[in-house]
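Dropping my_file.cif in here (mmCIF, C-alpha atoms):
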```
data_data
#
loop_
_atom_site.group_PDB
_atom_site.id
_atom_site.type_symbol
_atom_site.label_atom_id
_atom_site.label_comp_id
_atom_site.auth_asym_id
_atom_site.auth_seq_id
_atom_site.Cartn_x
_atom_site.Cartn_y
_atom_site.Cartn_z
ATOM 1 C CA MET A 13 113.353 142.963 79.971
ATOM 2 C CA GLU A 14 116.631 141.093 79.988
ATOM 3 C CA VAL A 15 117.157 138.135 77.676
ATOM 4 C CA ARG A 16 119.095 135.245 79.145
ATOM 5 C CA TRP A 17 121.098 133.762 76.295
ATOM 6 C CA ASP A 18 121.208 130.270 77.740
ATOM 7 C CA ILE A 19 117.395 130.134 77.946
ATOM 8 C CA LEU A 20 117.051 131.565 74.436
ATOM 9 C CA LEU A 21 119.430 128.909 73.076
ATOM 10 C CA ILE A 22 117.498 126.158 74.861
ATOM 11 C CA ILE A 23 114.233 127.410 73.348
ATOM 12 C CA LEU A 24 115.743 127.640 69.857
ATOM 13 C CA GLY A 25 117.284 124.177 70.218
ATOM 14 C CA ALA A 26 113.986 122.686 71.356
ATOM 15 C CA ALA A 27 112.219 124.337 68.418
ATOM 16 C CA LEU A 28 114.792 122.928 65.998
ATOM 17 C CA VAL A 29 114.617 119.429 67.473
ATOM 18 C CA THR A 30 110.819 119.537 67.201
ATOM 19 C CA PHE A 31 110.680 121.105 63.742
ATOM 20 C CA VAL A 32 113.277 119.059 61.843
ATOM 21 C CA PRO A 33 111.831 115.538 62.393
ATOM 22 C CA ARG A 34 108.418 116.767 61.280
ATOM 23 C CA VAL A 35 109.413 118.799 58.233
ATOM 24 C CA LEU A 36 112.305 116.738 56.861
ATOM 25 C CA PRO A 37 110.249 113.592 56.117
ATOM 26 C CA LEU A 38 107.512 115.699 54.516
ATOM 27 C CA MET A 39 110.040 117.444 52.295
ATOM 28 C CA LEU A 40 111.735 114.207 51.280
ATOM 29 C CA LEU A 41 108.616 112.090 50.790
ATOM 30 C CA SER A 42 106.784 114.778 48.803
ATOM 31 C CA ARG A 43 109.494 114.691 46.129
ATOM 32 C CA ILE A 44 109.525 110.943 45.506
ATOM 33 C CA ALA A 45 106.823 108.520 44.463
ATOM 34 C CA LEU A 46 106.358 105.795 47.037
ATOM 35 C CA PRO A 47 105.543 102.281 45.880
ATOM 36 C CA GLU A 48 101.942 101.185 46.349
ATOM 37 C CA TRP A 49 102.861 98.715 49.117
ATOM 38 C CA GLY A 50 104.640 101.517 50.996
ATOM 39 C CA VAL A 51 101.594 103.760 50.856
ATOM 40 C CA ARG A 52 99.381 100.908 52.117
ATOM 41 C CA TRP A 53 101.830 100.261 54.971
ATOM 42 C CA LEU A 54 101.934 103.940 55.922
ATOM 43 C CA ASN A 55 98.120 104.026 56.068
ATOM 44 C CA HIS A 56 98.267 101.591 59.013
ATOM 45 C CA VAL A 57 100.775 103.572 61.084
ATOM 46 C CA PRO A 58 98.281 105.966 62.764
ATOM 47 C CA ILE A 59 96.009 103.061 63.712
ATOM 48 C CA ALA A 60 98.904 101.090 65.179
ATOM 49 C CA VAL A 61 100.191 104.048 67.180
ATOM 50 C CA MET A 62 96.727 104.833 68.562
ATOM 51 C CA ALA A 63 96.143 101.190 69.475
ATOM 52 C CA ALA A 64 99.453 101.060 71.341
ATOM 53 C CA LEU A 65 98.690 104.236 73.276
ATOM 54 C CA ILE A 66 95.145 103.202 74.152
ATOM 55 C CA GLY A 67 96.130 99.627 74.979
ATOM 56 C CA GLN A 68 98.697 100.828 77.490
ATOM 57 C CA GLU A 69 96.224 103.204 79.092
ATOM 58 C CA ILE A 70 93.448 100.624 79.341
ATOM 59 C CA PHE A 71 95.294 97.510 80.430
ATOM 60 C CA LEU A 72 98.199 98.843 82.517
ATOM 61 C CA GLN A 73 98.217 100.740 85.799
ATOM 62 C CA ASP A 74 101.563 101.897 87.213
ATOM 63 C CA GLY A 75 103.382 99.642 84.755
ATOM 64 C CA GLU A 76 101.541 96.471 85.835
ATOM 65 C CA TRP A 77 98.505 94.666 84.475
ATOM 66 C CA SER A 78 95.312 96.148 85.828
ATOM 67 C CA PRO A 79 92.786 93.637 87.194
ATOM 68 C CA LEU A 80 89.839 93.391 84.824
ATOM 69 C CA THR A 81 87.315 93.424 87.668
ATOM 70 C CA SER A 82 88.204 96.952 88.766
ATOM 71 C CA ASN A 83 89.317 98.419 85.452
ATOM 72 C CA ILE A 84 87.158 101.515 84.967
ATOM 73 C CA GLU A 85 89.033 102.594 81.843
ATOM 74 C CA LEU A 86 88.269 99.287 80.133
ATOM 75 C CA LEU A 87 84.578 99.572 81.036
ATOM 76 C CA ALA A 88 84.530 103.128 79.660
ATOM 77 C CA ALA A 89 86.331 102.049 76.491
ATOM 78 C CA LEU A 90 83.507 99.741 75.437
ATOM 79 C CA PRO A 91 80.749 102.364 74.903
ATOM 80 C CA THR A 92 83.350 104.801 73.613
ATOM 81 C CA PHE A 93 84.458 102.302 70.965
ATOM 82 C CA LEU A 94 80.853 101.630 69.955
ATOM 83 C CA VAL A 95 80.169 105.352 69.515
ATOM 84 C CA ALA A 96 83.385 105.753 67.514
ATOM 85 C CA VAL A 97 82.460 102.928 65.155
ATOM 86 C CA LYS A 98 78.815 103.955 64.824
ATOM 87 C CA THR A 99 79.176 107.732 64.407
ATOM 88 C CA ARG A 100 82.785 108.233 63.238
ATOM 89 C CA SER A 101 82.638 111.508 65.161
ATOM 90 C CA LEU A 102 85.774 112.476 67.061
ATOM 91 C CA LEU A 103 83.899 114.968 69.242
ATOM 92 C CA GLY A 104 81.144 112.478 70.056
ATOM 93 C CA THR A 105 83.669 109.784 70.874
ATOM 94 C CA VAL A 106 85.658 112.041 73.196
ATOM 95 C CA VAL A 107 82.526 113.291 74.960
ATOM 96 C CA VAL A 108 81.168 109.773 75.486
ATOM 97 C CA GLY A 109 84.543 108.596 76.785
ATOM 98 C CA ILE A 110 84.919 111.453 79.252
ATOM 99 C CA VAL A 111 81.328 111.247 80.498
ATOM 100 C CA THR A 112 81.559 107.475 80.885
ATOM 101 C CA VAL A 113 84.797 107.655 82.889
ATOM 102 C CA MET A 114 83.347 110.422 85.068
ATOM 103 C CA ALA A 115 80.163 108.449 85.736
ATOM 104 C CA LEU A 116 82.028 105.225 86.516
ATOM 105 C CA ARG A 117 84.410 107.001 88.886
ATOM 106 C CA PHE A 118 81.460 108.707 90.598
ATOM 107 C CA TRP A 119 79.640 105.398 91.137
ATOM 108 C CA PHE A 120 82.549 103.040 91.848
ATOM 109 C CA ILE A 121 85.307 105.065 93.485
#
```

Could you render the structure from this file as structure tokens?
Amino acid sequence: MEVRWDILLIILGAALVTFVPRVLPLMLLSRIALPEWGVRWLNHVPIAVMAALIGQEIFLQDGEWSPLTSNIELLAALPTFLVAVKTRSLLGTVVVGIVTVMALRFWFI
């Protein structure tokens, strides 16, 4: 099997670009003590990122506001959110979300 050097360099470069931003902050932040307010702020980052991703998916379609009357994703998000809050189970939440979207698309599309 012949190795193409340009492809190998692209793969190594992609690995480096992916690896460095993940490892460098861990290495730096593990060696210093963060102030208490910084730790509290960092605890909210995953929630904010998830809310931004979900909000875009629920309320926008093709970059424009989706009408609430025909928004299947928003209808599916309601029982999914309730299951997430009630059970705190990632698997249960994902299953309820997928089944709800499938059922709504079967009945309404």

Next item on the list: Mind giving me the straight-line distance from CA of Ile84 (chain A) to CA of Arg100 (chain A) in Å, one decimal?
Entry: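 According to the coordinates, CA of Ile84 (chain A) and CA of Arg100 (chain A) are separated by 23.2 Å.
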
Note to self: Residues within 12 Å of Val107 (chain A), please, as an MDAnalysis selection string. Count all atoms listed in the file; anything in the same chain fewer than 6 positions from it doesn't count.
What the structure shows: chainID A and resid 88:89 91:93 95:96 101 113:114

Quick one: 5 Å padding each side, axis-aligned, all listed atoms of region 88-101 of chain A - centre and edge lengths in Å to one decimal, as JSON?
```
{"center_x": 82.6, "center_y": 105.6, "center_z": 71.4, "size_x": 17.5, "size_y": 21.8, "size_z": 26.4}
```

Note to self: Using only C-alpha atoms, which protein or nucleic acid residues come within 12 Å of Leu72 (chain A)? Drop anything in the same chain fewer than 5 positions from it, and give the result as a list in words.
What the structure shows: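 Non-adjacent residues within range: Ala64, Leu65, Ile66, Gly67, Trp77, Ser78, Pro79, Leu80, Ser82, Asn83, Ile84, Glu85 and Leu86 of chain A.
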
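When CA of His56 (chain A) is paired with CA of Arg34 (chain A), their separation reads 18.4 Å.
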
Notebook entry, point to check: What is the distance, in Å and to one decimal place, between CA of Pro37 (chain A) and CA of Ile19 (chain A)?
Noted result: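 Between CA of Pro37 (chain A) and CA of Ile19 (chain A) the gap is 28.3 Å.
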
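Distances from A:Leu46, A:Leu38, A:Ile22, A:Leu87 to Leu116 (chain A) were compared using all atoms listed in the file, and the smallest one belongs to A:Leu87.
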
Please fill the gaps in region 40-67 of chain A so it has N, CA and C atoms, and write that as a PDB file, in the frame of the given file.
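Once everything was written out, this is out.pdb:
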```
ATOM      1  N   LEU A  40     111.146 115.305  52.050  1.00  0.00           N
ATOM      2  CA  LEU A  40     111.735 114.207  51.280  1.00  0.00           C
ATOM      3  C   LEU A  40     110.677 113.354  50.602  1.00  0.00           C
ATOM      4  N   LEU A  41     109.621 112.992  51.344  1.00  0.00           N
ATOM      5  CA  LEU A  41     108.616 112.090  50.790  1.00  0.00           C
ATOM      6  C   LEU A  41     107.713 112.776  49.771  1.00  0.00           C
ATOM      7  N   SER A  42     107.619 114.095  49.793  1.00  0.00           N
ATOM      8  CA  SER A  42     106.784 114.778  48.803  1.00  0.00           C
ATOM      9  C   SER A  42     107.463 114.829  47.441  1.00  0.00           C
ATOM     10  N   ARG A  43     108.756 114.602  47.394  1.00  0.00           N
ATOM     11  CA  ARG A  43     109.494 114.691  46.129  1.00  0.00           C
ATOM     12  C   ARG A  43     109.663 113.341  45.438  1.00  0.00           C
ATOM     13  N   ILE A  44     109.367 112.262  46.125  1.00  0.00           N
ATOM     14  CA  ILE A  44     109.525 110.943  45.506  1.00  0.00           C
ATOM     15  C   ILE A  44     108.182 110.221  45.495  1.00  0.00           C
ATOM     16  N   ALA A  45     108.037 109.327  44.552  1.00  0.00           N
ATOM     17  CA  ALA A  45     106.823 108.520  44.463  1.00  0.00           C
ATOM     18  C   ALA A  45     107.059 107.223  45.241  1.00  0.00           C
ATOM     19  N   LEU A  46     106.239 107.014  46.247  1.00  0.00           N
ATOM     20  CA  LEU A  46     106.358 105.795  47.037  1.00  0.00           C
ATOM     21  C   LEU A  46     105.689 104.637  46.312  1.00  0.00           C
ATOM     22  N   PRO A  47     106.229 103.432  46.474  1.00  0.00           N
ATOM     23  CA  PRO A  47     105.543 102.281  45.880  1.00  0.00           C
ATOM     24  C   PRO A  47     104.183 102.068  46.557  1.00  0.00           C
ATOM     25  N   GLU A  48     103.300 101.392  45.861  1.00  0.00           N
ATOM     26  CA  GLU A  48     101.942 101.185  46.349  1.00  0.00           C
ATOM     27  C   GLU A  48     101.927 100.434  47.682  1.00  0.00           C
ATOM     28  N   TRP A  49     102.815  99.458  47.851  1.00  0.00           N
ATOM     29  CA  TRP A  49     102.861  98.715  49.117  1.00  0.00           C
ATOM     30  C   TRP A  49     103.326  99.605  50.263  1.00  0.00           C
ATOM     31  N   GLY A  50     104.184 100.587  49.966  1.00  0.00           N
ATOM     32  CA  GLY A  50     104.640 101.517  50.996  1.00  0.00           C
ATOM     33  C   GLY A  50     103.533 102.455  51.459  1.00  0.00           C
ATOM     34  N   VAL A  51     102.723 102.893  50.511  1.00  0.00           N
ATOM     35  CA  VAL A  51     101.594 103.760  50.856  1.00  0.00           C
ATOM     36  C   VAL A  51     100.584 102.984  51.698  1.00  0.00           C
ATOM     37  N   ARG A  52     100.305 101.740  51.320  1.00  0.00           N
ATOM     38  CA  ARG A  52      99.381 100.908  52.117  1.00  0.00           C
ATOM     39  C   ARG A  52      99.914 100.706  53.524  1.00  0.00           C
ATOM     40  N   TRP A  53     101.212 100.455  53.653  1.00  0.00           N
ATOM     41  CA  TRP A  53     101.830 100.261  54.971  1.00  0.00           C
ATOM     42  C   TRP A  53     101.727 101.529  55.806  1.00  0.00           C
ATOM     43  N   LEU A  54     102.004 102.673  55.196  1.00  0.00           N
ATOM     44  CA  LEU A  54     101.934 103.940  55.922  1.00  0.00           C
ATOM     45  C   LEU A  54     100.509 104.278  56.366  1.00  0.00           C
ATOM     46  N   ASN A  55      99.509 103.787  55.656  1.00  0.00           N
ATOM     47  CA  ASN A  55      98.120 104.026  56.068  1.00  0.00           C
ATOM     48  C   ASN A  55      97.793 103.357  57.395  1.00  0.00           C
ATOM     49  N   HIS A  56      98.541 102.313  57.765  1.00  0.00           N
ATOM     50  CA  HIS A  56      98.267 101.591  59.013  1.00  0.00           C
ATOM     51  C   HIS A  56      99.027 102.155  60.210  1.00  0.00           C
ATOM     52  N   VAL A  57      99.956 103.036  59.990  1.00  0.00           N
ATOM     53  CA  VAL A  57     100.775 103.572  61.084  1.00  0.00           C
ATOM     54  C   VAL A  57      99.943 104.329  62.118  1.00  0.00           C
ATOM     55  N   PRO A  58      99.050 105.258  61.733  1.00  0.00           N
ATOM     56  CA  PRO A  58      98.281 105.966  62.764  1.00  0.00           C
ATOM     57  C   PRO A  58      97.416 105.027  63.601  1.00  0.00           C
ATOM     58  N   ILE A  59      96.842 104.017  62.990  1.00  0.00           N
ATOM     59  CA  ILE A  59      96.009 103.061  63.712  1.00  0.00           C
ATOM     60  C   ILE A  59      96.851 102.271  64.708  1.00  0.00           C
ATOM     61  N   ALA A  60      98.030 101.853  64.301  1.00  0.00           N
ATOM     62  CA  ALA A  60      98.904 101.090  65.179  1.00  0.00           C
ATOM     63  C   ALA A  60      99.387 101.923  66.355  1.00  0.00           C
ATOM     64  N   VAL A  61      99.733 103.168  66.097  1.00  0.00           N
ATOM     65  CA  VAL A  61     100.191 104.048  67.180  1.00  0.00           C
ATOM     66  C   VAL A  61      99.060 104.295  68.169  1.00  0.00           C
ATOM     67  N   MET A  62      97.866 104.587  67.676  1.00  0.00           N
ATOM     68  CA  MET A  62      96.727 104.833  68.562  1.00  0.00           C
ATOM     69  C   MET A  62      96.386 103.586  69.363  1.00  0.00           C
ATOM     70  N   ALA A  63      96.432 102.430  68.750  1.00  0.00           N
ATOM     71  CA  ALA A  63      96.143 101.190  69.475  1.00  0.00           C
ATOM     72  C   ALA A  63      97.168 100.947  70.581  1.00  0.00           C
ATOM     73  N   ALA A  64      98.425 101.237  70.319  1.00  0.00           N
ATOM     74  CA  ALA A  64      99.453 101.060  71.341  1.00  0.00           C
ATOM     75  C   ALA A  64      99.248 102.014  72.507  1.00  0.00           C
ATOM     76  N   LEU A  65      98.916 103.259  72.209  1.00  0.00           N
ATOM     77  CA  LEU A  65      98.690 104.236  73.276  1.00  0.00           C
ATOM     78  C   LEU A  65      97.464 103.884  74.101  1.00  0.00           C
ATOM     79  N   ILE A  66      96.379 103.530  73.441  1.00  0.00           N
ATOM     80  CA  ILE A  66      95.145 103.202  74.152  1.00  0.00           C
ATOM     81  C   ILE A  66      95.293 101.892  74.909  1.00  0.00           C
ATOM     82  N   GLY A  67      95.938 100.922  74.300  1.00  0.00           N
ATOM     83  CA  GLY A  67      96.130  99.627  74.979  1.00  0.00           C
ATOM     84  C   GLY A  67      96.902  99.768  76.271  1.00  0.00           C
TER      85      GLY A  67
END
```
